[in-house]
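*Asks:* Structure file final.txt (compact mmCIF, C-alpha atoms) is given on the next line.
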# COMPACT_ATOMS: atom_id res chain seq x y z
CA MET D 1 0.00 0.00 0.00
CA GLU D 2 2.85 2.40 0.83
CA ARG D 3 4.44 1.92 -2.61
CA THR D 4 1.06 2.44 -4.29
CA ALA D 5 0.61 5.71 -2.39
CA VAL D 6 4.08 6.84 -3.52
CA LEU D 7 3.18 6.12 -7.15
CA LEU D 8 -0.12 8.00 -6.93
CA LEU D 9 1.63 11.05 -5.44
CA LEU D 10 4.29 11.01 -8.16
CA LEU D 11 1.66 10.71 -10.88
CA LEU D 12 -0.21 13.70 -9.51
CA LEU D 13 2.96 15.81 -9.29
CA LEU D 14 3.93 14.91 -12.86
CA GLY D 15 0.47 15.42 -14.26
CA VAL D 16 0.21 11.86 -15.55
CA GLY D 17 -3.17 11.30 -13.99
CA LEU D 18 -4.78 8.78 -11.69
CA PRO D 19 -5.96 5.22 -12.31
CA CYS D 20 -9.21 5.35 -14.24
CA ARG D 21 -12.56 4.63 -12.70
CA ALA D 22 -13.25 1.01 -13.58
CA GLN D 23 -15.32 -1.74 -12.06
CA THR D 24 -13.62 -5.11 -12.03
CA ALA D 25 -14.54 -8.75 -11.56
CA ALA D 26 -12.53 -11.96 -11.38
CA PRO D 27 -13.11 -14.34 -14.30
CA PRO D 28 -14.04 -17.97 -13.66
CA THR D 29 -11.33 -20.61 -13.86
CA VAL D 30 -11.73 -23.76 -15.97
CA ASN D 31 -9.38 -26.73 -16.08
CA ILE D 32 -8.61 -28.18 -19.53
CA SER D 33 -7.05 -31.65 -19.53
CA LEU D 34 -4.61 -32.13 -22.37
CA ASP D 35 -4.82 -35.87 -21.69
CA GLU D 36 -8.43 -35.86 -22.92
CA ASP D 37 -9.33 -36.27 -26.58
CA PRO D 38 -9.32 -32.83 -28.29
CA GLU D 39 -13.01 -33.13 -29.17
CA VAL D 40 -14.07 -33.42 -25.52
CA ARG D 41 -11.42 -31.52 -23.55
CA TRP D 42 -13.33 -28.21 -23.75
CA MET D 43 -16.58 -29.65 -22.36
CA PRO D 44 -15.93 -28.19 -18.85
CA LEU D 45 -16.78 -24.77 -20.30
CA SER D 46 -20.47 -25.78 -20.37
CA LYS D 47 -20.42 -26.14 -16.57
CA VAL D 48 -19.45 -22.48 -16.17
CA PHE D 49 -20.99 -20.69 -19.16
CA ASN D 50 -24.55 -20.81 -20.44
CA VAL D 51 -24.37 -22.56 -23.81
CA ASN D 52 -27.15 -20.44 -25.33
CA PHE D 53 -25.35 -17.27 -24.28
CA MET D 54 -22.08 -18.55 -25.77
CA LYS D 55 -23.90 -19.27 -29.04
CA GLU D 56 -25.42 -15.77 -29.11
CA ALA D 57 -22.09 -14.15 -28.26
CA ALA D 58 -20.35 -16.08 -31.04
CA ALA D 59 -22.86 -14.73 -33.54
CA ILE D 60 -22.27 -11.16 -32.31
CA VAL D 61 -18.48 -11.47 -32.71
CA ILE D 62 -18.74 -13.02 -36.17
CA ASP D 63 -21.32 -10.50 -37.41
CA SER D 64 -19.33 -7.52 -36.12
CA THR D 65 -16.07 -8.77 -37.65
CA ILE D 66 -17.11 -10.35 -40.96
CA PRO D 67 -19.74 -8.69 -43.19
CA ALA D 68 -22.85 -10.82 -43.71
CA TRP D 69 -22.35 -11.23 -47.47
CA VAL D 70 -18.78 -12.44 -46.91
CA HIS D 71 -19.94 -14.76 -44.13
CA HIS D 72 -22.52 -16.49 -46.34
CA ALA D 73 -20.27 -16.60 -49.40
CA ILE D 74 -17.31 -18.26 -47.73
CA ALA D 75 -19.05 -20.59 -45.27
CA PRO D 76 -18.96 -23.63 -47.62
CA ILE D 77 -15.29 -22.97 -48.46
CA VAL D 78 -14.35 -22.68 -44.79
CA LYS D 79 -15.99 -26.01 -44.01
CA ALA D 80 -14.12 -27.68 -46.88
CA LEU D 81 -10.81 -26.35 -45.59
CA GLU D 82 -11.37 -27.78 -42.10
CA HIS D 83 -9.22 -30.78 -43.03
CA PHE D 84 -6.19 -28.49 -43.39
CA ILE D 85 -6.36 -27.26 -39.77
CA PRO D 86 -3.61 -28.98 -37.73
CA HIS D 87 -3.94 -31.22 -34.70
CA PRO D 88 -5.14 -30.64 -32.01
CA TYR D 89 -7.03 -27.52 -33.09
CA ALA D 90 -9.20 -29.22 -35.71
CA GLY D 91 -10.50 -31.66 -33.09
CA GLU D 92 -10.94 -28.94 -30.48
CA ILE D 93 -12.90 -26.75 -32.89
CA ARG D 94 -15.09 -29.70 -33.93
CA GLY D 95 -15.77 -30.42 -30.27
CA LEU D 96 -16.64 -26.81 -29.52
CA ALA D 97 -19.01 -26.71 -32.51
CA SER D 98 -20.76 -29.78 -31.14
CA HIS D 99 -20.96 -28.44 -27.57
CA LEU D 100 -22.18 -24.99 -28.63
CA GLY D 101 -24.64 -26.22 -31.25
CA LEU D 102 -22.89 -24.12 -33.93
CA ASN D 103 -22.16 -25.28 -37.43
CA LEU D 104 -18.52 -26.08 -38.04
CA SER D 105 -17.79 -23.24 -40.46
CA ASP D 106 -19.08 -20.64 -37.97
CA THR D 107 -16.91 -22.08 -35.18
CA ILE D 108 -13.85 -21.91 -37.45
CA MET D 109 -14.72 -18.33 -38.43
CA LEU D 110 -15.20 -17.41 -34.78
CA ASN D 111 -11.71 -18.59 -33.90
CA PHE D 112 -10.16 -16.65 -36.77
CA ALA D 113 -12.28 -13.57 -36.04
CA TYR D 114 -10.42 -13.25 -32.73
CA GLU D 115 -7.17 -12.92 -34.68
CA VAL D 116 -8.36 -9.47 -35.86
CA SER D 117 -8.68 -6.23 -33.85
CA ALA D 118 -6.73 -7.14 -30.70
CA PHE D 119 -5.69 -3.66 -29.56
CA CYS D 120 -3.50 -4.14 -26.50
CA THR D 121 -0.82 -2.80 -24.18
CA SER D 122 1.90 -5.06 -22.76
CA ILE D 123 4.67 -4.15 -20.31
CA VAL D 124 7.64 -6.22 -19.16
CA ALA D 125 9.77 -4.74 -16.36
CA GLN D 126 12.62 -5.69 -14.03
CA ASP D 127 13.11 -4.43 -10.48
CA LYS D 128 16.42 -3.63 -8.75
CA ASN D 129 16.68 -7.23 -7.48
CA GLY D 130 16.37 -8.74 -10.96
CA ASN D 131 12.73 -9.87 -10.59
CA VAL D 132 10.82 -9.72 -13.87
CA TYR D 133 7.16 -8.66 -14.01
CA HIS D 134 4.81 -8.83 -16.98
CA GLY D 135 1.45 -7.14 -17.40
CA ARG D 136 -1.03 -6.63 -20.19
CA ASN D 137 -4.33 -5.01 -21.06
CA LEU D 138 -6.30 -6.78 -23.76
CA ASP D 139 -8.59 -4.50 -25.74
CA TYR D 140 -11.31 -5.72 -28.07
CA PRO D 141 -14.21 -3.73 -29.60
CA HIS D 142 -16.67 -6.44 -28.50
CA PRO D 143 -18.20 -5.71 -25.03
CA VAL D 144 -19.79 -9.17 -24.95
CA LEU D 145 -16.33 -10.68 -24.47
CA ARG D 146 -16.23 -9.44 -20.88
CA ASN D 147 -18.87 -12.07 -20.16
CA LEU D 148 -16.83 -14.77 -21.92
CA THR D 149 -13.43 -14.07 -20.30
CA VAL D 150 -12.03 -17.12 -18.55
CA ASN D 151 -8.82 -18.22 -16.86
CA LEU D 152 -7.73 -21.55 -18.30
CA VAL D 153 -5.49 -24.05 -16.54
CA PHE D 154 -4.09 -26.65 -18.95
CA LEU D 155 -3.26 -29.91 -17.19
CA LYS D 156 -1.02 -32.85 -18.13
CA LYS D 157 -1.15 -35.93 -15.92
CA GLY D 158 -2.94 -33.87 -13.31
CA LYS D 159 -0.24 -31.19 -13.11
CA VAL D 160 -0.32 -27.62 -14.42
CA ALA D 161 1.42 -27.51 -17.80
CA TYR D 162 0.57 -23.85 -18.44
CA ARG D 163 -2.22 -21.35 -17.86
CA GLY D 164 -3.68 -18.38 -19.64
CA THR D 165 -6.63 -16.04 -20.06
CA SER D 166 -8.93 -16.32 -23.05
CA PHE D 167 -12.56 -16.32 -24.19
CA ALA D 168 -14.97 -19.22 -23.97
CA GLY D 169 -15.19 -20.84 -27.41
CA TYR D 170 -11.71 -19.76 -28.52
CA VAL D 171 -8.86 -22.28 -28.66
CA GLY D 172 -6.01 -19.75 -28.89
CA LEU D 173 -4.25 -17.74 -26.18
CA TRP D 174 -3.10 -14.11 -26.25
CA THR D 175 -1.95 -14.23 -22.62
CA GLY D 176 -0.20 -17.10 -20.86
CA GLN D 177 2.33 -18.42 -18.38
CA SER D 178 4.50 -21.50 -18.29
CA PRO D 179 5.21 -21.89 -14.56
CA ASN D 180 8.80 -21.18 -13.52
CA LYS D 181 9.79 -20.76 -17.18
CA PHE D 182 8.30 -17.70 -18.91
CA THR D 183 5.27 -15.50 -19.52
CA VAL D 184 3.98 -14.31 -22.90
CA SER D 185 1.44 -11.89 -24.32
CA GLY D 186 0.56 -10.97 -27.89
CA ASP D 187 -0.36 -7.52 -29.23
CA GLN D 188 -1.70 -6.86 -32.70
CA ARG D 189 0.81 -5.07 -34.94
CA GLY D 190 -0.67 -2.08 -36.71
CA THR D 191 -4.33 -1.80 -37.61
CA GLU D 192 -6.00 -4.84 -39.15
CA HIS D 193 -9.14 -4.62 -41.28
CA TRP D 194 -11.92 -7.13 -41.67
CA TRP D 195 -10.87 -7.97 -45.24
CA ASN D 196 -7.59 -9.38 -43.89
CA TRP D 197 -9.58 -12.12 -42.15
CA TRP D 198 -9.71 -14.14 -45.39
CA LYS D 199 -6.04 -13.53 -46.18
CA ASN D 200 -5.08 -14.72 -42.71
CA PHE D 201 -7.27 -17.81 -42.94
CA VAL D 202 -5.82 -18.85 -46.30
CA SER D 203 -2.32 -18.20 -44.96
CA ALA D 204 -3.06 -20.50 -42.05
CA VAL D 205 -4.62 -23.47 -43.80
CA LEU D 206 -2.89 -23.51 -47.18
CA LEU D 207 0.56 -22.15 -46.34
CA ARG D 208 0.62 -24.03 -43.02
CA ARG D 209 1.28 -20.86 -41.05
CA SER D 210 0.17 -20.63 -37.44
CA PRO D 211 -2.41 -18.17 -36.14
CA VAL D 212 -0.57 -15.93 -33.68
CA SER D 213 -2.57 -17.16 -30.69
CA TRP D 214 -2.10 -20.85 -31.55
CA LEU D 215 1.65 -20.31 -31.58
CA VAL D 216 1.42 -18.88 -28.06
CA ARG D 217 -0.25 -22.10 -26.90
CA GLU D 218 2.28 -24.29 -28.67
CA VAL D 219 5.21 -22.43 -27.17
CA LEU D 220 3.70 -22.49 -23.68
CA GLU D 221 3.31 -26.26 -23.98
CA GLU D 222 6.63 -27.12 -25.63
CA ALA D 223 9.32 -24.50 -24.89
CA GLU D 224 11.88 -25.48 -22.27
CA ASP D 225 12.73 -21.98 -21.05
CA PHE D 226 12.73 -18.26 -21.89
CA GLN D 227 15.37 -18.52 -24.61
CA ASP D 228 13.62 -21.46 -26.28
CA ALA D 229 10.34 -19.54 -26.21
CA VAL D 230 11.94 -16.46 -27.78
CA VAL D 231 13.47 -18.50 -30.61
CA HIS D 232 10.18 -20.21 -31.48
CA LEU D 233 8.10 -17.02 -31.21
CA SER D 234 10.64 -15.21 -33.41
CA LYS D 235 11.11 -17.75 -36.19
CA THR D 236 7.89 -19.78 -36.61
CA PRO D 237 5.90 -18.58 -39.68
CA ILE D 238 2.60 -16.95 -38.66
CA ILE D 239 -0.45 -15.62 -40.47
CA THR D 240 0.01 -11.92 -39.71
CA GLY D 241 2.28 -9.40 -38.02
CA VAL D 242 2.23 -9.27 -34.21
CA TYR D 243 4.22 -8.26 -31.17
CA TYR D 244 5.16 -11.05 -28.78
CA ILE D 245 6.18 -9.83 -25.34
CA VAL D 246 8.04 -12.40 -23.22
CA GLY D 247 9.21 -12.38 -19.60
CA GLY D 248 11.48 -14.95 -17.95
CA VAL D 249 12.68 -15.95 -14.50
CA ARG D 250 16.15 -14.38 -14.47
CA ALA D 251 17.45 -10.83 -14.59
CA GLY D 252 17.48 -9.53 -18.15
CA GLU D 253 14.91 -12.04 -19.41
CA GLY D 254 12.41 -9.71 -21.01
CA VAL D 255 11.86 -8.87 -24.66
CA VAL D 256 9.49 -7.43 -27.26
CA ILE D 257 9.57 -9.39 -30.52
CA THR D 258 8.23 -7.50 -33.54
CA ARG D 259 7.04 -10.07 -36.06
CA ASN D 260 6.45 -10.16 -39.79
CA ARG D 261 4.67 -13.19 -41.21
CA GLY D 262 7.95 -14.93 -42.04
CA GLY D 263 10.19 -13.95 -39.15
CA PRO D 264 11.37 -11.20 -36.80
CA ALA D 265 11.46 -7.56 -37.84
CA ASP D 266 13.04 -6.48 -34.55
CA ILE D 267 14.12 -7.87 -31.18
CA TRP D 268 13.94 -5.34 -28.30
CA PRO D 269 15.30 -6.83 -25.06
CA LEU D 270 15.46 -5.38 -21.58
CA ASP D 271 18.70 -3.47 -20.99
CA PRO D 272 18.67 -2.51 -17.30
CA VAL D 273 22.39 -1.68 -17.19
CA ASN D 274 21.75 1.19 -19.62
CA GLY D 275 18.43 2.29 -18.12
CA GLY D 276 16.16 0.02 -20.16
CA TRP D 277 14.55 -1.69 -17.15
CA TYR D 278 11.12 -1.79 -18.80
CA ARG D 279 9.60 -2.12 -22.25
CA VAL D 280 6.16 -0.84 -23.25
CA GLU D 281 4.48 -2.19 -26.38
CA THR D 282 1.07 -1.17 -27.70
CA ASN D 283 0.16 -1.77 -31.34
CA PHE D 284 2.81 0.19 -33.20
CA ASP D 285 6.53 -0.31 -33.83
CA HIS D 286 8.44 1.00 -30.82
CA TRP D 287 11.02 2.85 -32.98
CA LEU D 288 8.30 4.93 -34.63
CA PRO D 289 5.95 7.48 -33.03
CA PRO D 290 2.42 6.20 -32.45
CA PRO D 291 -0.55 7.94 -34.09
CA ALA D 292 -1.16 11.39 -32.61
CA ARG D 293 -4.48 10.28 -31.14
CA ASP D 294 -2.96 7.33 -29.25
CA HIS D 295 -1.44 8.30 -25.89
CA ARG D 296 -1.14 4.85 -24.30
CA ARG D 297 2.63 4.50 -24.79
CA GLU D 298 3.32 8.04 -23.58
CA THR D 299 1.16 7.60 -20.47
CA ALA D 300 2.70 4.25 -19.53
CA ASN D 301 6.26 5.54 -20.09
CA LYS D 302 5.65 8.59 -17.90
CA ALA D 303 4.14 6.48 -15.14
CA LEU D 304 6.97 3.94 -15.15
CA ASN D 305 9.60 6.67 -15.15
CA ALA D 306 7.81 8.33 -12.23
CA THR D 307 7.66 5.02 -10.38
CA GLY D 308 11.32 4.14 -10.82
CA GLN D 309 12.91 0.70 -10.92
CA GLU D 310 13.24 0.62 -7.13
CA HIS D 311 9.46 0.74 -6.66
CA ILE D 312 8.18 -1.55 -9.42
CA ASN D 313 6.26 -4.68 -8.41
CA MET D 314 3.12 -6.48 -9.57
CA ASP D 315 0.77 -4.16 -7.66
CA ILE D 316 2.39 -1.03 -9.11
CA LEU D 317 2.38 -2.57 -12.58
CA TYR D 318 -1.36 -3.13 -12.25
CA GLN D 319 -1.79 0.53 -11.28
CA VAL D 320 0.15 1.64 -14.36
CA LEU D 321 -2.06 -0.57 -16.54
CA SER D 322 -5.09 1.06 -14.88
CA LEU D 323 -4.20 4.58 -16.03
CA TYR D 324 -6.38 6.12 -18.72
CA PRO D 325 -5.92 5.71 -21.70
CA VAL D 326 -3.63 2.70 -21.13
CA CYS D 327 -6.86 1.21 -19.83
CA ASN D 328 -9.72 2.53 -21.95
CA ARG D 329 -13.33 2.00 -22.95
CA ILE D 330 -12.62 -1.21 -24.94
CA THR D 331 -10.27 -2.82 -22.40
CA VAL D 332 -11.66 -6.28 -21.64
CA TYR D 333 -9.23 -7.51 -19.01
CA THR D 334 -5.92 -6.82 -17.27
CA THR D 335 -3.41 -9.55 -16.34
CA VAL D 336 -0.27 -9.28 -14.22
CA MET D 337 2.11 -12.22 -13.86
CA SER D 338 5.64 -13.31 -13.04
CA ALA D 339 6.91 -16.72 -14.16
CA VAL D 340 9.07 -17.11 -11.05
CA ALA D 341 5.92 -16.79 -8.90
CA PRO D 342 3.28 -18.62 -10.96
CA GLU D 343 0.77 -18.65 -8.09
CA LYS D 344 0.49 -14.84 -8.40
CA TYR D 345 -0.95 -14.96 -11.94
CA HIS D 346 -3.89 -12.56 -11.67
CA THR D 347 -6.55 -11.38 -14.11
CA LEU D 348 -9.37 -8.91 -13.57
CA ILE D 349 -12.17 -8.16 -16.05
CA ARG D 350 -12.81 -4.46 -16.68
CA THR D 351 -16.57 -4.92 -16.61
CA GLN D 352 -17.38 -1.53 -18.15
CA GLY D 353 -14.03 -0.64 -19.64
CA CYS D 354 -12.05 2.33 -18.28
CA HIS D 355 -13.08 5.98 -18.34
CA GLN D 356 -11.56 9.25 -17.22
Take the structure I supplied and represent it as structure tokens, if you would.
*Replies:*
Amino acid sequence: MERTAVLLLLLLLLGVGLPCRAQTAAPPTVNISLDEDPEVRWMPLSKVFNVNFMKEAAAIVIDSTIPAWVHHAIAPIVKALEHFIPHPYAGEIRGLASHLGLNLSDTIMLNFAYEVSAFCTSIVAQDKNGNVYHGRNLDYPHPVLRNLTVNLVFLKKGKVAYRGTSFAGYVGLWTGQSPNKFTVSGDQRGTEHWWNWWKNFVSAVLLRRSPVSWLVREVLEEAEDFQDAVVHLSKTPIITGVYYIVGGVRAGEGVVITRNRGGPADIWPLDPVNGGWYRVETNFDHWLPPPARDHRRETANKALNATGQEHINMDILYQVLSLYPVCNRITVYTTVMSAVAPEKYHTLIRTQGCHQ
């Protein structure tokens, strides 16, 4: 509490502002057993979420992302391409379609619709003792997603393999943690448009490129450590540009990876010796100025500089992520995490977004 009070005083003196007014709620937690067949492993969702509501919400997301004429025109093609989707995602999507009572093409479209319009802020920071903290706001222009946000715990042989925060009905992860190894978040690069949905889908199924959120899951499940995760997130072909932000368990293990479809465009690691004890990534290349209307990077930088490396911790990081406009009207949830303390993984839903 004392450190939080210090931060608030500094923010007032520097004119940065105060944490926005925002109601919050903890999302439910659902265990997903990776030992179960892919077509049934997501069934526990139906014990937590109303299936009819999930079906209605899926329709809202699809209709607001893909124009109706495109939806109807490509539905038969999408269904035909289902056989190109890799294991285990094809089975998981088939299972979700069955559980939700959706047709298969709509469930596939739903999962690819989430790959568009993920406006986010991620921060990775290191304190004076070498502890690495990682936080993120996930922004989506779909208010209904606040009622679908869920913490997922993926189990292997009864033990936690990894965890993350996602949306009911979606098999990918934009936020996750491999305990005692690394944390990862994904931020959309630039501004996507709905017409890129089809380009991204074709890139995924025909060119065998991974959706950005599926790669997060694969790395969380398979990577041995921070360095292994960074290599795979940097080099694996993906369907669209993205920023991957990764935090580790040792001093200096923090990085922002700027991705093109085929590989890395830039690697921006922590550099605490030279003053680079934190990195802030929104949705624009860090070496270029953001659009004049977007003040998230500026606000977060000012707040972190006011805080100082000696005061940073998970609570302070949450306060920084709560500042307007870092947290804004389309912010769905905020997560703070540290791989060296996996039990402290914490997500709160911003039930009405954030406002000044």
*Asks:* What is the distance between CA of Leu155 (chain D) and CA of Ser33 (chain D), in Å to one decimal?
*Replies:*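 CA of Ser33 (chain D) lies at a distance of 4.8 Å from CA of Leu155 (chain D).
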*Asks:* Report, as JSON, the axis-aligned box around all atoms of region 334-345 of chain D present in the file, extended by 4 Å on each side; give centre and edge lengths in Å to one decimal place.
*Replies:*
{"center_x": 1.6, "center_y": -12.7, "center_z": -12.7, "size_x": 23.0, "size_y": 19.8, "size_z": 17.2}
*Asks:* Restricting the calculation to only C-alpha atoms, which member of D:Ile312, D:Val132, D:Leu323, D:Val40 is positioned closest to Glu298 (chain D)?
*Replies:*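 So, comparing all the options, the nearest one is D:Leu323.
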*Asks:* Find the spatial neighbours of Leu138 (chain D), counting all atoms listed in the file, within a cut-off of 7 Å - ignore same-chain residues fewer than 3 positions away - and output them as number ranges by chain.
*Replies:* D: 118-121, 331-334
*Asks:* Which region 58-141 of chain D residues have any atom within 9 Å of an atom of region 247-255 of chain D, and for each, what is the nearest pair of atoms with distance in Å to one decimal, counting only C-alpha atoms, rows sorted by chain and number, as a tab-separated table?
*Replies:*
residue	atom	partner	partner_atom	distance
D:Val124	CA	D:Gly254	CA	6.2
D:Ala125	CA	D:Gly254	CA	7.3
D:Gln126	CA	D:Ala251	CA	7.1
D:Asp127	CA	D:Ala251	CA	8.8
D:Asn129	CA	D:Ala251	CA	8.0
D:Gly130	CA	D:Ala251	CA	4.3
D:Asn131	CA	D:Ala251	CA	6.3
D:Val132	CA	D:Gly247	CA	6.5
D:Tyr133	CA	D:Gly247	CA	7.0
D:His134	CA	D:Gly247	CA	6.2
*Asks:* Hey, can you spit out that residue selection with C-alpha atoms as a compact mmCIF listing (two decimals), keeping the file's coordinate frame?
*Replies:*
# COMPACT_ATOMS: atom_id res chain seq x y z
CA VAL D 124 7.64 -6.22 -19.16
CA ALA D 125 9.77 -4.74 -16.36
CA GLN D 126 12.62 -5.69 -14.03
CA ASP D 127 13.11 -4.43 -10.48
CA ASN D 129 16.68 -7.23 -7.48
CA GLY D 130 16.37 -8.74 -10.96
CA ASN D 131 12.73 -9.87 -10.59
CA VAL D 132 10.82 -9.72 -13.87
CA TYR D 133 7.16 -8.66 -14.01
CA HIS D 134 4.81 -8.83 -16.98
*Asks:* Between D:Val280, D:Leu96, D:Ala57, D:Ile108, which has the minimum distance to Arg41 (chain D) (counting all atoms listed in the file)?
*Replies:* D:Leu96
*Asks:* What is the distance between CA of Arg296 (chain D) and CA of Val184 (chain D), in Å to one decimal?
*Replies:*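 Between CA of Arg296 (chain D) and CA of Val184 (chain D) the gap is 19.9 Å.
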*Asks:* For Ala59 (chain D), which residue among D:Leu102, D:Val30, D:Val212, D:Cys20 is the nearest when counting only C-alpha atoms?
*Replies:*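 Comparing D:Leu102, D:Val30, D:Val212, D:Cys20 against Ala59 (chain D), the winner is D:Leu102.
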*Asks:* Using Å and a single decimal, report how far CA of Pro290 (chain D) sits from CA of Ser210 (chain D).
*Replies:* 27.4 Å
*Asks:* Which residue, D:Asn111, D:Phe154, D:Pro141, D:Ser166, has the smallest gap to Pro179 (chain D) when you use all atoms listed in the file?
*Replies:* D:Phe154
*Asks:* Can you tell me, as an MDAnalysis selection string, what residues are no more than 7 Å from Lys235 (chain D) when counting all atoms listed in the file, ignoring any on the same chain fewer than 4 positions away?
*Replies:* chainID D and resid 231 263:264
*Asks:* Rank D:Ile330, D:Leu317, D:Ala80, D:Val246 by their smallest atom-to-atom distance to Leu104 (chain D), using only C-alpha atoms, and report the top residue only.
*Replies:* D:Ala80
*Asks:* Just the residues within 7 Å of Ala25 (chain D), please, counting only C-alpha atoms, with nothing from its chain fewer than 3 positions along; format it as a list of chain:residue names.
*Replies:* D:Leu348, D:Ile349, D:Arg350, D:Thr351
*Asks:* Give me the residues within 10 Å of Lys181 (chain D) as number ranges by chain, counting all atoms listed in the file and dropping any in the same chain fewer than 5 places off.
*Replies:* D: 162, 220, 223-229, 247-250, 338-342
